[in-house]
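For reference, protein-v4.cif (mmCIF, C-alpha atoms):
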```cif
data_final
loop_
_atom_site.label_atom_id
_atom_site.label_comp_id
_atom_site.auth_asym_id
_atom_site.auth_seq_id
_atom_site.Cartn_x
_atom_site.Cartn_y
_atom_site.Cartn_z
CA MET O 182 6.92 -24.37 -28.53
CA ASP O 183 3.21 -24.13 -29.18
CA ALA O 184 1.19 -21.85 -26.94
CA ILE O 185 0.02 -23.52 -23.75
CA GLN O 186 -3.72 -24.04 -23.72
CA VAL O 187 -5.07 -23.96 -20.17
CA PRO O 188 -8.85 -24.43 -19.84
CA VAL O 189 -10.90 -22.18 -17.58
CA SER O 190 -11.30 -25.11 -15.19
CA GLY O 191 -7.50 -25.29 -14.92
CA TRP O 192 -7.26 -21.63 -13.95
CA ILE O 193 -10.06 -22.09 -11.41
CA ALA O 194 -8.30 -25.13 -9.95
CA PHE O 195 -5.05 -23.22 -9.62
CA ALA O 196 -6.84 -20.27 -8.00
CA GLY O 197 -8.33 -22.69 -5.47
CA LEU O 198 -4.89 -24.16 -4.83
CA ALA O 199 -3.36 -20.72 -4.31
CA LEU O 200 -6.12 -19.68 -1.88
CA GLY O 201 -5.72 -22.95 0.00
CA LEU O 202 -1.97 -22.40 0.32
CA LEU O 203 -2.61 -18.86 1.56
CA VAL O 204 -4.83 -20.28 4.30
CA VAL O 205 -2.08 -22.76 5.21
CA ASP O 206 0.38 -19.85 5.38
CA LEU O 207 -2.01 -17.93 7.65
CA LEU O 208 -2.54 -20.86 10.03
CA ALA O 209 1.17 -21.70 10.07
CA HIS O 210 2.04 -18.28 11.50
CA ARG O 211 -1.07 -17.69 13.58
CA GLY O 212 -0.59 -16.73 17.21
CA ARG O 213 2.80 -17.93 18.36
CA HIS O 214 3.15 -20.56 15.64
CA GLY O 215 6.14 -20.10 13.38
CA GLU O 216 7.70 -17.33 15.46
CA SER O 217 11.08 -19.00 15.84
CA LYS O 218 13.76 -18.57 13.24
CA ARG O 219 14.18 -22.35 12.98
CA SER O 220 10.49 -22.79 12.20
CA ALA O 221 10.60 -19.96 9.63
CA ILE O 222 13.61 -21.56 7.90
CA ALA O 223 11.79 -24.91 7.78
CA TRP O 224 8.69 -23.27 6.28
CA SER O 225 10.83 -21.32 3.79
CA LEU O 226 12.47 -24.54 2.61
CA GLY O 227 9.01 -26.12 2.35
CA TRP O 228 7.70 -23.27 0.16
CA ILE O 229 10.82 -23.46 -2.02
CA ALA O 230 10.34 -27.21 -2.42
CA LEU O 231 6.69 -26.62 -3.36
CA GLY O 232 7.68 -24.05 -5.98
CA LEU O 233 10.27 -26.41 -7.44
CA GLY O 234 7.84 -29.32 -7.25
CA PHE O 235 5.30 -27.48 -9.40
CA SER O 236 7.87 -27.50 -12.20
CA VAL O 237 7.47 -31.29 -12.29
CA PHE O 238 3.75 -30.84 -12.96
CA VAL O 239 4.54 -28.32 -15.71
CA TRP O 240 7.06 -30.76 -17.21
CA ARG O 241 4.58 -33.63 -17.30
CA ALA O 242 1.70 -31.48 -18.56
CA TYR O 243 3.44 -29.21 -21.08
CA GLY O 244 6.96 -30.54 -21.71
CA SER O 245 10.54 -29.79 -20.70
CA ARG O 246 10.79 -26.37 -22.37
CA ALA O 247 7.74 -25.12 -20.45
CA ALA O 248 9.26 -26.49 -17.22
CA HIS O 249 12.55 -24.68 -17.91
CA GLU O 250 10.66 -21.45 -18.59
CA TYR O 251 8.75 -21.89 -15.33
CA LEU O 252 11.98 -22.45 -13.37
CA GLY O 253 13.59 -19.39 -14.96
CA ALA O 254 10.60 -17.15 -14.21
CA TRP O 255 10.28 -18.57 -10.68
CA LEU O 256 13.96 -17.96 -9.94
CA ILE O 257 13.72 -14.38 -11.20
CA GLU O 258 10.66 -13.66 -9.05
CA LYS O 259 12.17 -15.42 -6.02
CA SER O 260 15.41 -13.46 -6.39
CA LEU O 261 13.66 -10.12 -6.82
CA SER O 262 11.42 -10.88 -3.83
CA LEU O 263 14.56 -10.57 -1.68
CA ASP O 264 14.56 -6.90 -2.63
CA ASN O 265 11.03 -6.72 -1.21
CA LEU O 266 12.31 -7.97 2.14
CA PHE O 267 14.58 -4.93 2.47
CA ILE O 268 11.60 -2.64 1.87
CA PHE O 269 9.34 -4.56 4.29
CA LEU O 270 11.98 -4.18 7.00
CA VAL O 271 12.22 -0.41 6.42
CA ILE O 272 8.41 0.00 6.39
CA PHE O 273 7.92 -1.91 9.66
CA ARG O 274 10.77 -0.07 11.38
CA SER O 275 9.44 3.31 10.20
CA LEU O 276 6.04 2.55 11.74
CA SER O 277 7.33 0.70 14.85
CA ILE O 278 5.07 -2.27 14.09
CA PRO O 279 5.80 -5.19 16.47
CA GLU O 280 6.87 -8.53 14.98
CA ALA O 281 3.63 -10.29 16.00
CA GLU O 282 1.57 -7.85 13.90
CA GLN O 283 4.03 -7.72 10.99
CA ARG O 284 2.89 -11.19 9.89
CA ARG O 285 -0.76 -10.10 9.74
CA VAL O 286 0.16 -7.14 7.51
CA LEU O 287 2.31 -9.38 5.32
CA PHE O 288 -0.52 -11.90 4.84
CA TRP O 289 -2.91 -9.29 3.43
CA GLY O 290 -0.06 -7.66 1.53
CA ILE O 291 0.75 -10.95 -0.19
CA PHE O 292 -2.95 -11.57 -0.94
CA GLY O 293 -3.15 -8.17 -2.66
CA ALA O 294 0.11 -8.81 -4.51
CA LEU O 295 -1.31 -12.02 -6.04
CA VAL O 296 -4.26 -10.05 -7.43
CA PHE O 297 -2.21 -7.13 -8.77
CA ARG O 298 0.45 -9.42 -10.29
CA GLY O 299 -2.28 -11.29 -12.17
CA LEU O 300 -3.57 -8.04 -13.68
CA PHE O 301 -0.05 -6.89 -14.60
CA ILE O 302 0.75 -10.21 -16.27
CA LEU O 303 -2.45 -10.26 -18.33
CA LEU O 304 -1.87 -6.66 -19.45
CA GLY O 305 1.79 -7.35 -20.22
CA VAL O 306 1.11 -10.46 -22.31
CA GLU O 307 -1.73 -8.73 -24.15
CA ALA O 308 0.49 -5.72 -24.89
CA ILE O 309 3.29 -7.92 -26.28
CA GLU O 310 0.86 -9.85 -28.49
CA ARG O 311 -0.71 -6.65 -29.88
CA TRP O 312 2.42 -4.51 -30.16
CA HIS O 313 5.66 -6.47 -30.34
CA ALA O 314 7.68 -3.24 -29.95
CA VAL O 315 6.53 -3.21 -26.31
CA VAL O 316 9.24 -5.79 -25.54
CA TYR O 317 11.87 -3.12 -26.26
CA VAL O 318 10.11 -0.75 -23.85
CA PHE O 319 10.07 -3.48 -21.18
CA GLY O 320 13.72 -4.23 -21.90
CA ALA O 321 14.69 -0.58 -21.52
CA ILE O 322 12.77 -0.38 -18.20
CA LEU O 323 14.66 -3.40 -16.90
CA LEU O 324 18.07 -2.00 -17.92
CA ILE O 325 17.33 1.37 -16.29
CA THR O 326 16.13 -0.43 -13.15
CA ALA O 327 19.27 -2.60 -13.14
CA ILE O 328 21.45 0.53 -13.10
CA ARG O 329 19.37 2.05 -10.29
CA VAL O 330 19.50 -1.14 -8.19
CA ALA O 331 23.27 -1.44 -8.67
CA ARG O 332 23.81 2.17 -7.56
CA GLU O 333 21.36 2.22 -4.62
CA ASP O 334 21.90 -0.42 -1.95
CA PRO O 335 18.44 -0.95 -0.36
CA SER O 336 19.99 -2.46 2.78
CA ARG O 337 21.35 1.02 3.63
CA LYS O 338 17.92 2.63 3.37
CA GLN O 339 16.59 3.81 6.74
CA LYS O 340 13.31 5.56 5.83
CA SER O 341 10.37 4.70 3.60
CA THR O 342 9.30 7.55 1.34
CA VAL O 343 6.00 5.72 0.72
CA VAL O 344 5.25 5.66 4.46
CA GLU O 345 6.09 9.35 4.77
CA TRP O 346 3.83 10.18 1.79
CA LEU O 347 0.91 8.15 3.19
CA ALA O 348 1.29 9.55 6.71
CA LYS O 349 0.79 13.08 5.36
CA ARG O 350 -2.41 12.15 3.52
CA ILE O 351 -4.22 9.71 5.83
CA PRO O 352 -5.74 10.55 9.25
CA LEU O 353 -3.35 8.53 11.39
CA HIS O 354 -3.51 7.14 14.91
CA PRO O 355 0.15 7.05 15.99
CA ALA O 356 0.07 3.83 18.04
CA VAL O 357 -0.59 0.20 17.14
CA GLU O 358 -3.93 -0.93 18.61
CA GLY O 359 -3.72 -4.72 18.74
CA SER O 360 -4.51 -6.16 15.31
CA HIS O 361 -6.85 -3.33 14.25
CA PHE O 362 -6.32 -1.54 10.96
CA LEU O 363 -8.78 1.23 11.86
CA VAL O 364 -9.81 2.80 15.20
CA ARG O 365 -12.37 5.43 16.12
CA ARG O 366 -11.16 8.30 18.29
CA GLY O 367 -13.19 11.43 19.08
CA GLY O 368 -15.78 10.51 16.48
CA ARG O 369 -13.11 10.19 13.76
CA LEU O 370 -12.05 7.02 11.97
CA LEU O 371 -8.26 6.82 12.02
CA ALA O 372 -5.82 4.51 10.32
CA THR O 373 -3.42 2.62 12.57
CA PRO O 374 0.21 1.97 11.56
CA LEU O 375 -0.94 -1.51 10.42
CA LEU O 376 -3.13 -0.02 7.68
CA VAL O 377 -0.41 2.43 6.63
CA GLY O 378 2.06 -0.48 6.50
CA LEU O 379 -0.34 -2.57 4.40
CA LEU O 380 -0.95 0.27 1.94
CA ALA O 381 2.80 0.96 1.74
CA ILE O 382 3.49 -2.72 0.97
CA GLU O 383 0.80 -2.81 -1.74
CA LEU O 384 2.05 0.39 -3.38
CA THR O 385 5.63 -0.85 -3.18
CA ASP O 386 4.69 -4.19 -4.74
CA ILE O 387 2.89 -2.43 -7.60
CA ALA O 388 6.10 -0.46 -8.23
CA PHE O 389 8.15 -3.68 -8.07
CA ALA O 390 5.73 -5.43 -10.44
CA VAL O 391 6.68 -2.90 -13.13
CA ASP O 392 10.16 -4.46 -12.97
CA SER O 393 9.55 -8.08 -11.97
CA VAL O 394 6.71 -8.92 -14.38
CA PRO O 395 8.64 -7.78 -17.49
CA ALA O 396 11.65 -9.73 -16.13
CA ALA O 397 9.54 -12.90 -16.00
CA LEU O 398 8.12 -12.13 -19.45
CA ALA O 399 11.71 -12.08 -20.73
CA VAL O 400 11.79 -15.83 -19.97
CA SER O 401 8.26 -16.77 -21.05
CA HIS O 402 5.26 -15.11 -22.72
CA GLU O 403 2.88 -17.77 -21.43
CA PRO O 404 0.43 -16.25 -18.89
CA PHE O 405 0.07 -19.58 -17.04
CA ILE O 406 3.85 -20.00 -16.68
CA VAL O 407 4.46 -16.40 -15.61
CA TYR O 408 1.56 -16.22 -13.16
CA THR O 409 2.12 -19.58 -11.47
CA SER O 410 5.82 -18.77 -11.07
CA ASN O 411 4.87 -15.44 -9.47
CA VAL O 412 2.42 -17.12 -7.11
CA PHE O 413 4.87 -19.76 -5.90
CA ALA O 414 7.63 -17.14 -5.52
CA ILE O 415 5.42 -14.87 -3.42
CA LEU O 416 3.67 -17.49 -1.26
CA GLY O 417 6.65 -18.17 0.99
CA LEU O 418 7.51 -14.52 1.45
CA ARG O 419 6.20 -14.31 5.04
CA ALA O 420 8.31 -17.21 6.28
CA LEU O 421 11.30 -15.93 4.32
CA TYR O 422 10.93 -12.51 5.93
CA ILE O 423 10.81 -14.03 9.43
CA ALA O 424 13.87 -16.16 8.64
CA LEU O 425 15.96 -13.39 7.07
CA ALA O 426 14.70 -10.16 8.68
CA HIS O 427 17.71 -9.93 11.01
CA VAL O 428 20.37 -10.84 8.43
CA ILE O 429 19.02 -9.53 5.11
CA SER O 430 20.71 -6.15 5.65
CA GLU O 431 24.07 -7.92 5.99
CA LEU O 432 23.96 -9.19 2.38
CA ARG O 433 25.84 -6.12 1.19
CA TYR O 434 26.44 -7.33 -2.36
CA LEU O 435 23.00 -8.83 -3.02
CA HIS O 436 21.81 -5.76 -4.92
CA TYR O 437 24.56 -6.31 -7.48
CA GLY O 438 23.26 -9.84 -8.10
CA LEU O 439 19.71 -8.53 -8.47
CA ALA O 440 20.96 -5.84 -10.87
CA ALA O 441 22.71 -8.53 -12.94
CA VAL O 442 19.47 -10.54 -13.15
CA LEU O 443 17.49 -7.47 -14.25
CA ALA O 444 20.14 -6.51 -16.81
CA PHE O 445 20.18 -10.05 -18.19
CA ALA O 446 16.37 -10.03 -18.55
CA GLY O 447 16.47 -6.60 -20.19
CA LEU O 448 19.10 -7.63 -22.72
CA LYS O 449 17.22 -10.85 -23.42
CA MET O 450 14.16 -8.77 -24.34
CA ILE O 451 16.02 -6.22 -26.47
CA ILE O 452 18.35 -8.56 -28.41
CA PRO O 453 16.35 -10.61 -30.99
CA ASP O 454 16.52 -14.41 -30.80
CA SER O 455 17.97 -14.45 -34.32
CA VAL O 456 21.01 -12.56 -33.00
CA LEU O 457 21.40 -14.21 -29.58
CA HIS O 458 19.19 -17.12 -28.57
CA VAL O 459 19.29 -17.97 -24.86
CA PRO O 460 17.51 -21.27 -24.07
CA PRO O 461 15.31 -21.29 -20.92
CA LEU O 462 17.69 -23.67 -19.13
CA ALA O 463 20.60 -21.30 -19.78
CA SER O 464 18.51 -18.50 -18.24
CA VAL O 465 18.12 -20.61 -15.09
CA VAL O 466 21.90 -21.04 -14.87
CA VAL O 467 22.59 -17.30 -15.35
CA ILE O 468 20.12 -16.36 -12.60
CA LEU O 469 21.49 -18.95 -10.16
CA VAL O 470 25.09 -17.86 -10.76
CA SER O 471 24.25 -14.12 -10.44
CA ILE O 472 22.46 -14.50 -7.10
CA GLY O 473 24.78 -17.23 -5.82
CA VAL O 474 27.95 -15.19 -6.40
CA ALA O 475 26.38 -12.11 -4.75
CA VAL O 476 25.25 -14.06 -1.66
CA ILE O 477 28.56 -15.90 -1.25
CA ALA O 478 30.52 -12.65 -1.63
CA SER O 479 28.27 -11.00 0.98
CA LEU O 480 28.72 -13.85 3.47
CA ARG O 481 32.50 -13.89 2.99
CA SER O 482 32.65 -10.12 3.47
CA ARG O 483 30.57 -10.36 6.65
CA ALA O 484 32.76 -13.15 8.04
CA ARG O 485 35.90 -11.13 7.27
CA GLN O 486 34.40 -8.08 8.98
CA ARG O 487 33.60 -10.09 12.10
CA ARG O 488 37.16 -11.45 12.26
CA LEU O 489 38.54 -7.90 12.08
CA GLU O 490 36.15 -6.79 14.83
CA ARG O 491 37.32 -9.64 17.09
CA GLN O 492 40.96 -8.76 16.41
CA ARG O 493 40.37 -5.10 17.29
CA LYS O 494 38.70 -6.08 20.57
CA GLY O 495 41.63 -8.30 21.48
CA PRO O 496 41.52 -11.39 23.72
CA GLY O 497 38.71 -11.65 26.21
CA PRO O 498 39.18 -11.51 30.04
CA GLY O 499 41.39 -14.25 31.37
CA ARG O 500 42.83 -15.07 27.96
CA GLU O 501 46.52 -14.80 27.26
CA VAL O 502 47.91 -13.52 23.99
CA PRO O 503 49.93 -16.39 22.48
CA ALA O 504 53.65 -15.75 22.27
#
```
Mind turning the file's structure into structure tokens?
Amino acid sequence: MDAIQVPVSGWIAFAGLALGLLVVDLLAHRGRHGESKRSAIAWSLGWIALGLGFSVFVWRAYGSRAAHEYLGAWLIEKSLSLDNLFIFLVIFRSLSIPEAEQRRVLFWGIFGALVFRGLFILLGVEAIERWHAVVYVFGAILLITAIRVAREDPSRKQKSTVVEWLAKRIPLHPAVEGSHFLVRRGGRLLATPLLVGLLAIELTDIAFAVDSVPAALAVSHEPFIVYTSNVFAILGLRALYIALAHVISELRYLHYGLAAVLAFAGLKMIIPDSVLHVPPLASVVVILVSIGVAVIASLRSRARQRRLERQRKGPGPGREVPA
């Protein structure tokens, strides 16, 4: 496939679209809007539909192969964003940030992530074009990360090391003060838990970008494909967090699915196409199967655990044990 040529006006138009969608996301969860789980699920499905719908534009503008690459990169970023949800939950619990203010922190965190991801993608593509051997470095990073993710279940993590590190280095006001990121006390400017949470999210996302951007580059080397897939994967993260915050820790096998995706992307980078060629559509299937199997196994395990808990408790008051 020939390189995709996107004019400057196209990039500007997409930037305007992304900013407009960010504003929509902000208004959708402003005040008491979007607080219910049902509303968050509806918004999450809407963002997913939007991300999938953009593949139709890519198909019509650049062909089926480009659309398959976009879908593969989008699925990788969407899958890995679930790992972010674990970390968000730990950060907010560590700082005792109320749910109403968590959405404000997430909005600015996502805005920063869009900027940093863009820089990482441009640097990654430029590095691959200048030094092809970089793909083997990226592949090795992904394989090492896959092993770490498989061994360390993030849903069991109770403390954020990033929060602890920031709290020791930033003058901190211990309590949340409305929606303020900074407060002045005794002539000193202090950071509230909201600012510490925002900085922790940004630093965490930068660390995740070291893994997720190379994973997307394993599917496509086109900056437009990789960046747009990142944007549409990240945009619905606030609604997804609201929808899954109370159940994400119950997906006990999800980290194995994420590890499989990272390992697949790493191998795809290391093994030359002349030895093993994996078409973009096949990449989509591998990612879907890896995450799907992990989620289904987690749900079945949780259902089995609940049945055992009910059996241990025995019949409720007024119920007779059948003969």
| Where does the PyMOL selection byres ((chain O and resi 215-229) around 12) land in this file, that is, which residues does it pick, as a PyMOL selection string? | chain O and resi 202-203+205-214+230-236+252+255-256+259-260+280-284+410+412-428
| task | Identify, on the basis of only C-alpha atoms, every residue whose closest approach to Ile302 of chain O does not exceed 7 Å; exclude the query and any residue fewer than 6 positions from it along the same chain; express the result as an NGL selection string. | result | :O and (394 or 404 or 408)
| task | Enumerate, as an MDAnalysis selection string, the residues matched when the PyMOL selection byres ((chain O and resi 361) around 9) is run on the file above. | result | chainID O and resid 357:360 362:364 372:373 375:376
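Between atom CA of His458 of chain O and atom CA of His249 of chain O the interatomic distance comes to 14.7 Å.
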| query | Between atom CA of Ala475 of chain O and atom CA of His436 of chain O, what is the spacing in Å? | reply | 7.8 Å
